[in-house]
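Text of input.pdb, listed as PDB, C-alpha atoms:
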ATOM      1  CA  MET A   1     -33.925   7.143  69.189  1.00  0.00           C
ATOM      2  CA  VAL A   2     -32.880   3.545  69.524  1.00  0.00           C
ATOM      3  CA  SER A   3     -33.556   1.880  66.209  1.00  0.00           C
ATOM      4  CA  PRO A   4     -35.830  -1.158  66.373  1.00  0.00           C
ATOM      5  CA  LYS A   5     -34.169  -4.546  66.126  1.00  0.00           C
ATOM      6  CA  TYR A   6     -35.964  -5.035  62.811  1.00  0.00           C
ATOM      7  CA  HIS A   7     -37.450  -2.303  60.649  1.00  0.00           C
ATOM      8  CA  ILE A   8     -39.769  -3.620  57.950  1.00  0.00           C
ATOM      9  CA  PHE A   9     -40.399  -1.283  55.007  1.00  0.00           C
ATOM     10  CA  VAL A  10     -43.352  -2.132  52.766  1.00  0.00           C
ATOM     11  CA  CYS A  11     -43.845  -0.328  49.460  1.00  0.00           C
ATOM     12  CA  THR A  12     -47.446   0.864  49.215  1.00  0.00           C
ATOM     13  CA  SER A  13     -46.624   2.996  46.164  1.00  0.00           C
ATOM     14  CA  CYS A  14     -46.927   6.249  48.142  1.00  0.00           C
ATOM     15  CA  ARG A  15     -46.182   9.249  45.986  1.00  0.00           C
ATOM     16  CA  VAL A  16     -45.095  12.588  47.344  1.00  0.00           C
ATOM     17  CA  ASN A  17     -47.948  14.324  45.511  1.00  0.00           C
ATOM     18  CA  GLY A  18     -50.460  12.241  47.461  1.00  0.00           C
ATOM     19  CA  GLN A  19     -51.486   9.980  44.627  1.00  0.00           C
ATOM     20  CA  GLN A  20     -51.964   6.398  45.657  1.00  0.00           C
ATOM     21  CA  LYS A  21     -51.481   4.140  42.723  1.00  0.00           C
ATOM     22  CA  GLY A  22     -48.778   1.890  41.461  1.00  0.00           C
ATOM     23  CA  PHE A  23     -47.970  -1.770  41.198  1.00  0.00           C
ATOM     24  CA  CYS A  24     -47.368  -2.651  44.858  1.00  0.00           C
ATOM     25  CA  PHE A  25     -50.485  -0.768  45.941  1.00  0.00           C
ATOM     26  CA  SER A  26     -52.542  -2.588  43.320  1.00  0.00           C
ATOM     27  CA  LYS A  27     -51.211  -5.952  44.537  1.00  0.00           C
ATOM     28  CA  ASP A  28     -52.474  -5.847  48.130  1.00  0.00           C
ATOM     29  CA  ALA A  29     -49.548  -3.947  49.674  1.00  0.00           C
ATOM     30  CA  VAL A  30     -51.840  -2.222  52.166  1.00  0.00           C
ATOM     31  CA  ASP A  31     -53.110  -5.622  53.275  1.00  0.00           C
ATOM     32  CA  ILE A  32     -49.486  -6.717  53.674  1.00  0.00           C
ATOM     33  CA  VAL A  33     -48.839  -3.784  56.029  1.00  0.00           C
ATOM     34  CA  GLY A  34     -51.936  -4.683  58.031  1.00  0.00           C
ATOM     35  CA  LYS A  35     -50.967  -8.344  58.217  1.00  0.00           C
ATOM     36  CA  PHE A  36     -47.473  -7.465  59.472  1.00  0.00           C
ATOM     37  CA  MET A  37     -49.017  -5.282  62.161  1.00  0.00           C
ATOM     38  CA  GLU A  38     -51.366  -8.075  63.227  1.00  0.00           C
ATOM     39  CA  GLU A  39     -48.598 -10.680  63.376  1.00  0.00           C
ATOM     40  CA  ILE A  40     -46.239  -8.403  65.280  1.00  0.00           C
ATOM     41  CA  ASP A  41     -48.940  -7.482  67.748  1.00  0.00           C
ATOM     42  CA  SER A  42     -50.123 -11.028  68.328  1.00  0.00           C
ATOM     43  CA  ARG A  43     -46.572 -12.286  68.834  1.00  0.00           C
ATOM     44  CA  ASP A  44     -45.824  -9.426  71.238  1.00  0.00           C
ATOM     45  CA  LEU A  45     -42.963  -8.102  69.103  1.00  0.00           C
ATOM     46  CA  SER A  46     -43.997  -4.440  69.048  1.00  0.00           C
ATOM     47  CA  SER A  47     -41.099  -3.327  71.217  1.00  0.00           C
ATOM     48  CA  GLU A  48     -38.498  -4.567  68.744  1.00  0.00           C
ATOM     49  CA  VAL A  49     -40.104  -4.431  65.302  1.00  0.00           C
ATOM     50  CA  MET A  50     -41.352  -1.397  63.386  1.00  0.00           C
ATOM     51  CA  VAL A  51     -43.355  -1.442  60.142  1.00  0.00           C
ATOM     52  CA  THR A  52     -43.284   1.577  57.813  1.00  0.00           C
ATOM     53  CA  ASN A  53     -45.015   2.072  54.472  1.00  0.00           C
ATOM     54  CA  THR A  54     -43.009   3.636  51.678  1.00  0.00           C
ATOM     55  CA  GLY A  55     -42.959   4.993  48.179  1.00  0.00           C
ATOM     56  CA  CYS A  56     -41.523   3.164  45.198  1.00  0.00           C
ATOM     57  CA  PHE A  57     -38.267   1.194  45.428  1.00  0.00           C
ATOM     58  CA  GLY A  58     -37.885   1.256  41.646  1.00  0.00           C
ATOM     59  CA  ILE A  59     -38.301  -2.445  40.867  1.00  0.00           C
ATOM     60  CA  CYS A  60     -42.047  -2.536  40.427  1.00  0.00           C
ATOM     61  CA  ASN A  61     -42.015  -5.629  38.235  1.00  0.00           C
ATOM     62  CA  LYS A  62     -40.920  -7.646  41.280  1.00  0.00           C
ATOM     63  CA  GLY A  63     -43.469  -6.059  43.615  1.00  0.00           C
ATOM     64  CA  PRO A  64     -44.900  -6.036  46.131  1.00  0.00           C
ATOM     65  CA  ILE A  65     -41.497  -5.195  47.587  1.00  0.00           C
ATOM     66  CA  ILE A  66     -40.476  -5.411  51.245  1.00  0.00           C
ATOM     67  CA  VAL A  67     -37.072  -4.450  52.638  1.00  0.00           C
ATOM     68  CA  ILE A  68     -35.969  -5.397  56.135  1.00  0.00           C
ATOM     69  CA  TYR A  69     -33.164  -3.504  57.876  1.00  0.00           C
ATOM     70  CA  PRO A  70     -30.589  -3.549  59.371  1.00  0.00           C
ATOM     71  CA  GLU A  71     -29.757  -6.619  57.250  1.00  0.00           C
ATOM     72  CA  GLY A  72     -30.954  -5.054  54.026  1.00  0.00           C
ATOM     73  CA  THR A  73     -32.889  -8.114  52.879  1.00  0.00           C
ATOM     74  CA  TRP A  74     -35.081  -7.484  49.841  1.00  0.00           C
ATOM     75  CA  TYR A  75     -38.224  -9.557  49.307  1.00  0.00           C
ATOM     76  CA  GLY A  76     -40.315  -9.518  46.138  1.00  0.00           C
ATOM     77  CA  ASN A  77     -43.662 -10.833  44.921  1.00  0.00           C
ATOM     78  CA  VAL A  78     -44.845 -10.871  48.514  1.00  0.00           C
ATOM     79  CA  THR A  79     -48.487 -11.619  49.269  1.00  0.00           C
ATOM     80  CA  PRO A  80     -50.415 -11.199  52.529  1.00  0.00           C
ATOM     81  CA  ASP A  81     -50.233 -14.983  52.912  1.00  0.00           C
ATOM     82  CA  ASP A  82     -46.401 -14.798  53.057  1.00  0.00           C
ATOM     83  CA  VAL A  83     -46.331 -12.428  56.020  1.00  0.00           C
ATOM     84  CA  GLU A  84     -46.720 -15.029  58.750  1.00  0.00           C
ATOM     85  CA  GLU A  85     -43.749 -17.003  57.385  1.00  0.00           C
ATOM     86  CA  ILE A  86     -41.579 -13.876  57.126  1.00  0.00           C
ATOM     87  CA  VAL A  87     -42.320 -12.917  60.719  1.00  0.00           C
ATOM     88  CA  GLU A  88     -41.770 -16.415  62.043  1.00  0.00           C
ATOM     89  CA  SER A  89     -38.655 -17.231  60.026  1.00  0.00           C
ATOM     90  CA  HIS A  90     -36.887 -13.891  59.580  1.00  0.00           C
ATOM     91  CA  ILE A  91     -37.991 -11.858  62.592  1.00  0.00           C
ATOM     92  CA  GLU A  92     -38.341 -14.546  65.229  1.00  0.00           C
ATOM     93  CA  ASN A  93     -35.647 -16.965  64.075  1.00  0.00           C
ATOM     94  CA  GLY A  94     -33.261 -14.810  62.053  1.00  0.00           C
ATOM     95  CA  ASN A  95     -33.562 -16.844  58.867  1.00  0.00           C
ATOM     96  CA  ALA A  96     -34.476 -15.061  55.631  1.00  0.00           C
ATOM     97  CA  VAL A  97     -37.280 -16.661  53.601  1.00  0.00           C
ATOM     98  CA  GLU A  98     -35.088 -17.569  50.664  1.00  0.00           C
ATOM     99  CA  ARG A  99     -37.871 -18.349  48.182  1.00  0.00           C
ATOM    100  CA  LEU A 100     -38.938 -14.673  48.338  1.00  0.00           C
ATOM    101  CA  VAL A 101     -35.525 -13.014  48.421  1.00  0.00           C
ATOM    102  CA  ILE A 102     -34.729 -11.003  45.316  1.00  0.00           C
TER     103      ILE A 102
ATOM    104  CA  MET B   1     -30.956  -7.228  45.187  1.00  0.00           C
ATOM    105  CA  VAL B   2     -27.812  -5.872  46.712  1.00  0.00           C
ATOM    106  CA  SER B   3     -28.843  -3.277  49.259  1.00  0.00           C
ATOM    107  CA  PRO B   4     -27.383   0.181  48.730  1.00  0.00           C
ATOM    108  CA  LYS B   5     -24.505   1.178  50.983  1.00  0.00           C
ATOM    109  CA  TYR B   6     -26.781   3.798  52.487  1.00  0.00           C
ATOM    110  CA  HIS B   7     -30.561   3.836  52.358  1.00  0.00           C
ATOM    111  CA  ILE B   8     -32.079   7.173  53.363  1.00  0.00           C
ATOM    112  CA  PHE B   9     -35.731   7.090  54.420  1.00  0.00           C
ATOM    113  CA  VAL B  10     -37.538  10.434  54.564  1.00  0.00           C
ATOM    114  CA  CYS B  11     -40.985  10.708  56.155  1.00  0.00           C
ATOM    115  CA  THR B  12     -43.298  12.607  53.816  1.00  0.00           C
ATOM    116  CA  SER B  13     -46.348  11.641  55.889  1.00  0.00           C
ATOM    117  CA  CYS B  14     -47.590   9.226  53.226  1.00  0.00           C
ATOM    118  CA  ARG B  15     -50.757   7.490  54.291  1.00  0.00           C
ATOM    119  CA  VAL B  16     -51.957   4.191  52.909  1.00  0.00           C
ATOM    120  CA  ASN B  17     -55.322   5.746  52.006  1.00  0.00           C
ATOM    121  CA  GLY B  18     -53.567   8.215  49.722  1.00  0.00           C
ATOM    122  CA  GLN B  19     -54.014  11.276  51.895  1.00  0.00           C
ATOM    123  CA  GLN B  20     -51.010  13.530  51.977  1.00  0.00           C
ATOM    124  CA  LYS B  21     -50.979  15.529  55.147  1.00  0.00           C
ATOM    125  CA  GLY B  22     -49.151  15.378  58.412  1.00  0.00           C
ATOM    126  CA  PHE B  23     -46.389  17.147  60.243  1.00  0.00           C
ATOM    127  CA  CYS B  24     -43.358  16.119  58.182  1.00  0.00           C
ATOM    128  CA  PHE B  25     -45.182  16.838  54.926  1.00  0.00           C
ATOM    129  CA  SER B  26     -46.179  20.280  56.205  1.00  0.00           C
ATOM    130  CA  LYS B  27     -42.572  21.024  57.149  1.00  0.00           C
ATOM    131  CA  ASP B  28     -40.956  20.723  53.714  1.00  0.00           C
ATOM    132  CA  ALA B  29     -40.334  16.979  53.731  1.00  0.00           C
ATOM    133  CA  VAL B  30     -40.921  16.753  49.979  1.00  0.00           C
ATOM    134  CA  ASP B  31     -38.258  19.437  49.464  1.00  0.00           C
ATOM    135  CA  ILE B  32     -35.928  17.401  51.688  1.00  0.00           C
ATOM    136  CA  VAL B  33     -36.391  14.368  49.405  1.00  0.00           C
ATOM    137  CA  GLY B  34     -35.665  16.523  46.369  1.00  0.00           C
ATOM    138  CA  LYS B  35     -32.583  18.054  47.956  1.00  0.00           C
ATOM    139  CA  PHE B  36     -31.193  14.597  48.840  1.00  0.00           C
ATOM    140  CA  MET B  37     -31.709  13.491  45.244  1.00  0.00           C
ATOM    141  CA  GLU B  38     -29.928  16.579  43.932  1.00  0.00           C
ATOM    142  CA  GLU B  39     -26.978  16.175  46.302  1.00  0.00           C
ATOM    143  CA  ILE B  40     -26.620  12.480  45.587  1.00  0.00           C
ATOM    144  CA  ASP B  41     -26.779  13.062  41.878  1.00  0.00           C
ATOM    145  CA  SER B  42     -24.314  15.946  41.849  1.00  0.00           C
ATOM    146  CA  ARG B  43     -21.811  14.017  43.990  1.00  0.00           C
ATOM    147  CA  ASP B  44     -22.177  10.948  41.768  1.00  0.00           C
ATOM    148  CA  LEU B  45     -23.351   8.738  44.639  1.00  0.00           C
ATOM    149  CA  SER B  46     -26.380   7.224  42.904  1.00  0.00           C
ATOM    150  CA  SER B  47     -24.833   3.773  42.702  1.00  0.00           C
ATOM    151  CA  GLU B  48     -24.491   3.456  46.474  1.00  0.00           C
ATOM    152  CA  VAL B  49     -27.227   5.609  47.995  1.00  0.00           C
ATOM    153  CA  MET B  50     -30.999   5.202  47.720  1.00  0.00           C
ATOM    154  CA  VAL B  51     -33.629   7.689  48.906  1.00  0.00           C
ATOM    155  CA  THR B  52     -37.145   6.498  49.726  1.00  0.00           C
ATOM    156  CA  ASN B  53     -40.124   8.475  50.994  1.00  0.00           C
ATOM    157  CA  THR B  54     -42.194   6.925  53.763  1.00  0.00           C
ATOM    158  CA  GLY B  55     -45.239   7.167  55.948  1.00  0.00           C
ATOM    159  CA  CYS B  56     -45.192   8.205  59.580  1.00  0.00           C
ATOM    160  CA  PHE B  57     -42.483   7.020  61.978  1.00  0.00           C
ATOM    161  CA  GLY B  58     -44.625   7.913  64.989  1.00  0.00           C
ATOM    162  CA  ILE B  59     -42.601  10.751  66.480  1.00  0.00           C
ATOM    163  CA  CYS B  60     -44.152  13.648  64.589  1.00  0.00           C
ATOM    164  CA  ASN B  61     -43.235  16.261  67.199  1.00  0.00           C
ATOM    165  CA  LYS B  62     -39.593  15.747  66.233  1.00  0.00           C
ATOM    166  CA  GLY B  63     -40.247  15.871  62.488  1.00  0.00           C
ATOM    167  CA  PRO B  64     -39.270  16.068  59.780  1.00  0.00           C
ATOM    168  CA  ILE B  65     -37.769  12.640  60.478  1.00  0.00           C
ATOM    169  CA  ILE B  66     -35.062  10.898  58.462  1.00  0.00           C
ATOM    170  CA  VAL B  67     -33.695   7.425  59.157  1.00  0.00           C
ATOM    171  CA  ILE B  68     -30.525   6.129  57.533  1.00  0.00           C
ATOM    172  CA  TYR B  69     -29.814   2.392  57.339  1.00  0.00           C
ATOM    173  CA  PRO B  70     -27.964   0.112  57.809  1.00  0.00           C
ATOM    174  CA  GLU B  71     -26.723   2.099  60.817  1.00  0.00           C
ATOM    175  CA  GLY B  72     -30.211   2.987  62.003  1.00  0.00           C
ATOM    176  CA  THR B  73     -29.408   6.648  62.622  1.00  0.00           C
ATOM    177  CA  TRP B  74     -32.472   8.790  63.352  1.00  0.00           C
ATOM    178  CA  TYR B  75     -32.451  12.482  62.530  1.00  0.00           C
ATOM    179  CA  GLY B  76     -35.118  14.972  63.609  1.00  0.00           C
ATOM    180  CA  ASN B  77     -36.120  18.570  62.922  1.00  0.00           C
ATOM    181  CA  VAL B  78     -34.371  18.291  59.569  1.00  0.00           C
ATOM    182  CA  THR B  79     -34.695  21.131  57.061  1.00  0.00           C
ATOM    183  CA  PRO B  80     -33.753  21.222  53.368  1.00  0.00           C
ATOM    184  CA  ASP B  81     -30.741  23.327  54.401  1.00  0.00           C
ATOM    185  CA  ASP B  82     -29.398  20.427  56.507  1.00  0.00           C
ATOM    186  CA  VAL B  83     -29.299  17.969  53.632  1.00  0.00           C
ATOM    187  CA  GLU B  84     -25.944  19.013  52.194  1.00  0.00           C
ATOM    188  CA  GLU B  85     -24.268  18.548  55.596  1.00  0.00           C
ATOM    189  CA  ILE B  86     -25.875  15.124  56.113  1.00  0.00           C
ATOM    190  CA  VAL B  87     -24.690  13.934  52.713  1.00  0.00           C
ATOM    191  CA  GLU B  88     -21.192  15.302  53.154  1.00  0.00           C
ATOM    192  CA  SER B  89     -20.686  14.219  56.764  1.00  0.00           C
ATOM    193  CA  HIS B  90     -22.714  11.015  57.102  1.00  0.00           C
ATOM    194  CA  ILE B  91     -22.781   9.582  53.592  1.00  0.00           C
ATOM    195  CA  GLU B  92     -19.402  10.669  52.266  1.00  0.00           C
ATOM    196  CA  ASN B  93     -17.375  10.631  55.487  1.00  0.00           C
ATOM    197  CA  GLY B  94     -19.260   8.211  57.732  1.00  0.00           C
ATOM    198  CA  ASN B  95     -19.810  10.704  60.547  1.00  0.00           C
ATOM    199  CA  ALA B  96     -23.351  11.244  61.827  1.00  0.00           C
ATOM    200  CA  VAL B  97     -24.448  14.892  62.136  1.00  0.00           C
ATOM    201  CA  GLU B  98     -24.758  14.800  65.916  1.00  0.00           C
ATOM    202  CA  ARG B  99     -26.696  18.046  66.319  1.00  0.00           C
ATOM    203  CA  LEU B 100     -29.619  16.501  64.411  1.00  0.00           C
ATOM    204  CA  VAL B 101     -29.516  12.982  65.873  1.00  0.00           C
ATOM    205  CA  ILE B 102     -32.530  12.141  68.022  1.00  0.00           C
TER     206      ILE B 102
END

Rewrite the structure of this file - the entire thing - as structure tokens.
Amino acid sequence: MVSPKYHIFVCTSCRVNGQQKGFCFSKDAVDIVGKFMEEIDSRDLSSEVMVTNTGCFGICNKGPIIVIYPEGTWYGNVTPDDVEEIVESHIENGNAVERLVI
Amino acid sequence: MVSPKYHIFVCTSCRVNGQQKGFCFSKDAVDIVGKFMEEIDSRDLSSEVMVTNTGCFGICNKGPIIVIYPEGTWYGNVTPDDVEEIVESHIENGNAVERLVI
């Protein structure tokens, strides 16, 4: 497997027992995943960007949490409305969105 | 947030609708998460290694899937019995376990 150029991990508060609750989930994290997928598709970035939902990153009070590798950039308090800026700035132009970095 | 030195992502087939089924889940992925946590704890690596469960990576036929960043190493067909070797070889000594790399 060749790793994607950018791998975006979005906490949706997935628990290994199948429960779906938690802070990120309650704050529109599923919509954030969907918005990333839309933006990536419409900008034709699917061949180099992957989006994966995750369980808890352990800093719920700063959620919703997103982590982008390989850089290891952590974003907090993300809303669906922030997704377009993250894709344009970070993914397309290589500049982290500093106001959301935690 | 300073990213951990190693971030281990384990597919447990988490779905954003809360369902918990899928190939990795059915093949002991939750036990793999638990085994990583045990190994990391017993080797006193908690300050530099994070383990996060995820949803599907899209290559279920090679599951259970594990991805380790920042290197972006993909492992497939992982079993709980492989975890000790991955931690010792990859995490402690920086050498990927080639027989499991996909």

Within 10 Å of region 68-85 of chain A using only C-alpha atoms, minus same-chain residues under 3 positions, as a ChimeraX atom specification: /A:3-10,24,27-40,50-51,59-65,88-92,96-102 /B:1-7,68-72

Any chance you can output those residues with C-alpha atoms as an mmCIF file, in the frame of the given file?
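As a result, out.cif now contains:
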data_model
loop_
_atom_site.group_PDB
_atom_site.id
_atom_site.type_symbol
_atom_site.label_atom_id
_atom_site.label_comp_id
_atom_site.auth_asym_id
_atom_site.auth_seq_id
_atom_site.Cartn_x
_atom_site.Cartn_y
_atom_site.Cartn_z
ATOM 1 C CA SER A 3 -33.556 1.880 66.209
ATOM 2 C CA PRO A 4 -35.830 -1.158 66.373
ATOM 3 C CA LYS A 5 -34.169 -4.546 66.126
ATOM 4 C CA TYR A 6 -35.964 -5.035 62.811
ATOM 5 C CA HIS A 7 -37.450 -2.303 60.649
ATOM 6 C CA ILE A 8 -39.769 -3.620 57.950
ATOM 7 C CA PHE A 9 -40.399 -1.283 55.007
ATOM 8 C CA VAL A 10 -43.352 -2.132 52.766
ATOM 9 C CA CYS A 24 -47.368 -2.651 44.858
ATOM 10 C CA LYS A 27 -51.211 -5.952 44.537
ATOM 11 C CA ASP A 28 -52.474 -5.847 48.130
ATOM 12 C CA ALA A 29 -49.548 -3.947 49.674
ATOM 13 C CA VAL A 30 -51.840 -2.222 52.166
ATOM 14 C CA ASP A 31 -53.110 -5.622 53.275
ATOM 15 C CA ILE A 32 -49.486 -6.717 53.674
ATOM 16 C CA VAL A 33 -48.839 -3.784 56.029
ATOM 17 C CA GLY A 34 -51.936 -4.683 58.031
ATOM 18 C CA LYS A 35 -50.967 -8.344 58.217
ATOM 19 C CA PHE A 36 -47.473 -7.465 59.472
ATOM 20 C CA MET A 37 -49.017 -5.282 62.161
ATOM 21 C CA GLU A 38 -51.366 -8.075 63.227
ATOM 22 C CA GLU A 39 -48.598 -10.680 63.376
ATOM 23 C CA ILE A 40 -46.239 -8.403 65.280
ATOM 24 C CA MET A 50 -41.352 -1.397 63.386
ATOM 25 C CA VAL A 51 -43.355 -1.442 60.142
ATOM 26 C CA ILE A 59 -38.301 -2.445 40.867
ATOM 27 C CA CYS A 60 -42.047 -2.536 40.427
ATOM 28 C CA ASN A 61 -42.015 -5.629 38.235
ATOM 29 C CA LYS A 62 -40.920 -7.646 41.280
ATOM 30 C CA GLY A 63 -43.469 -6.059 43.615
ATOM 31 C CA PRO A 64 -44.900 -6.036 46.131
ATOM 32 C CA ILE A 65 -41.497 -5.195 47.587
ATOM 33 C CA GLU A 88 -41.770 -16.415 62.043
ATOM 34 C CA SER A 89 -38.655 -17.231 60.026
ATOM 35 C CA HIS A 90 -36.887 -13.891 59.580
ATOM 36 C CA ILE A 91 -37.991 -11.858 62.592
ATOM 37 C CA GLU A 92 -38.341 -14.546 65.229
ATOM 38 C CA ALA A 96 -34.476 -15.061 55.631
ATOM 39 C CA VAL A 97 -37.280 -16.661 53.601
ATOM 40 C CA GLU A 98 -35.088 -17.569 50.664
ATOM 41 C CA ARG A 99 -37.871 -18.349 48.182
ATOM 42 C CA LEU A 100 -38.938 -14.673 48.338
ATOM 43 C CA VAL A 101 -35.525 -13.014 48.421
ATOM 44 C CA ILE A 102 -34.729 -11.003 45.316
ATOM 45 C CA MET B 1 -30.956 -7.228 45.187
ATOM 46 C CA VAL B 2 -27.812 -5.872 46.712
ATOM 47 C CA SER B 3 -28.843 -3.277 49.259
ATOM 48 C CA PRO B 4 -27.383 0.181 48.730
ATOM 49 C CA LYS B 5 -24.505 1.178 50.983
ATOM 50 C CA TYR B 6 -26.781 3.798 52.487
ATOM 51 C CA HIS B 7 -30.561 3.836 52.358
ATOM 52 C CA ILE B 68 -30.525 6.129 57.533
ATOM 53 C CA TYR B 69 -29.814 2.392 57.339
ATOM 54 C CA PRO B 70 -27.964 0.112 57.809
ATOM 55 C CA GLU B 71 -26.723 2.099 60.817
ATOM 56 C CA GLY B 72 -30.211 2.987 62.003
#

CA of Gly94 (chain B) to CA of Ser47 (chain B), distance in Å rounded to a single decimal: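 These atoms are spaced 16.6 Å apart.
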
Hey, which of B:Cys14, B:Val87, B:Lys21, B:Val67 ends up closest to Leu45 (chain B)? Count all atoms listed in the file. B:Val87

What's the separation between CA of Cys11 (chain B) and CA of Phe57 (chain B), in Å to one decimal place?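 Going from CA of Cys11 (chain B) over to CA of Phe57 (chain B) covers 7.1 Å.
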
Can you report as AutoDock Vina command-line options the centre and edge lengths in Å, to one decimal, of an axis-aligned box around the listed atoms of region 5-16 of chain A padded with 4 Å on each side?
--center_x -40.8 --center_y 3.8 --center_z 56.1 --size_x 21.3 --size_y 25.6 --size_z 28.1

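When CA of Gly22 (chain A) is paired with CA of Cys56 (chain A), their separation reads 8.3 Å.
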
Pick from B:Val16, B:Ile86, B:Ile66, B:Val49: nearest to chain A, with all atoms listed in the file counted?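 Ranking B:Val16, B:Ile86, B:Ile66, B:Val49 by distance to chain A, first place goes to B:Val16.
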
Which residue gives the smallest distance to chain B among A:Thr52, A:Gly58, A:Ser26, A:Asn95, with only C-alpha atoms counted? A:Thr52

Go through B:Arg43, B:Glu48, B:Asn53, B:Ser13 one by one, measure the shortest atom-to-atom distance of each to chain A using only C-alpha atoms, and give the residue with the smallest value. B:Asn53
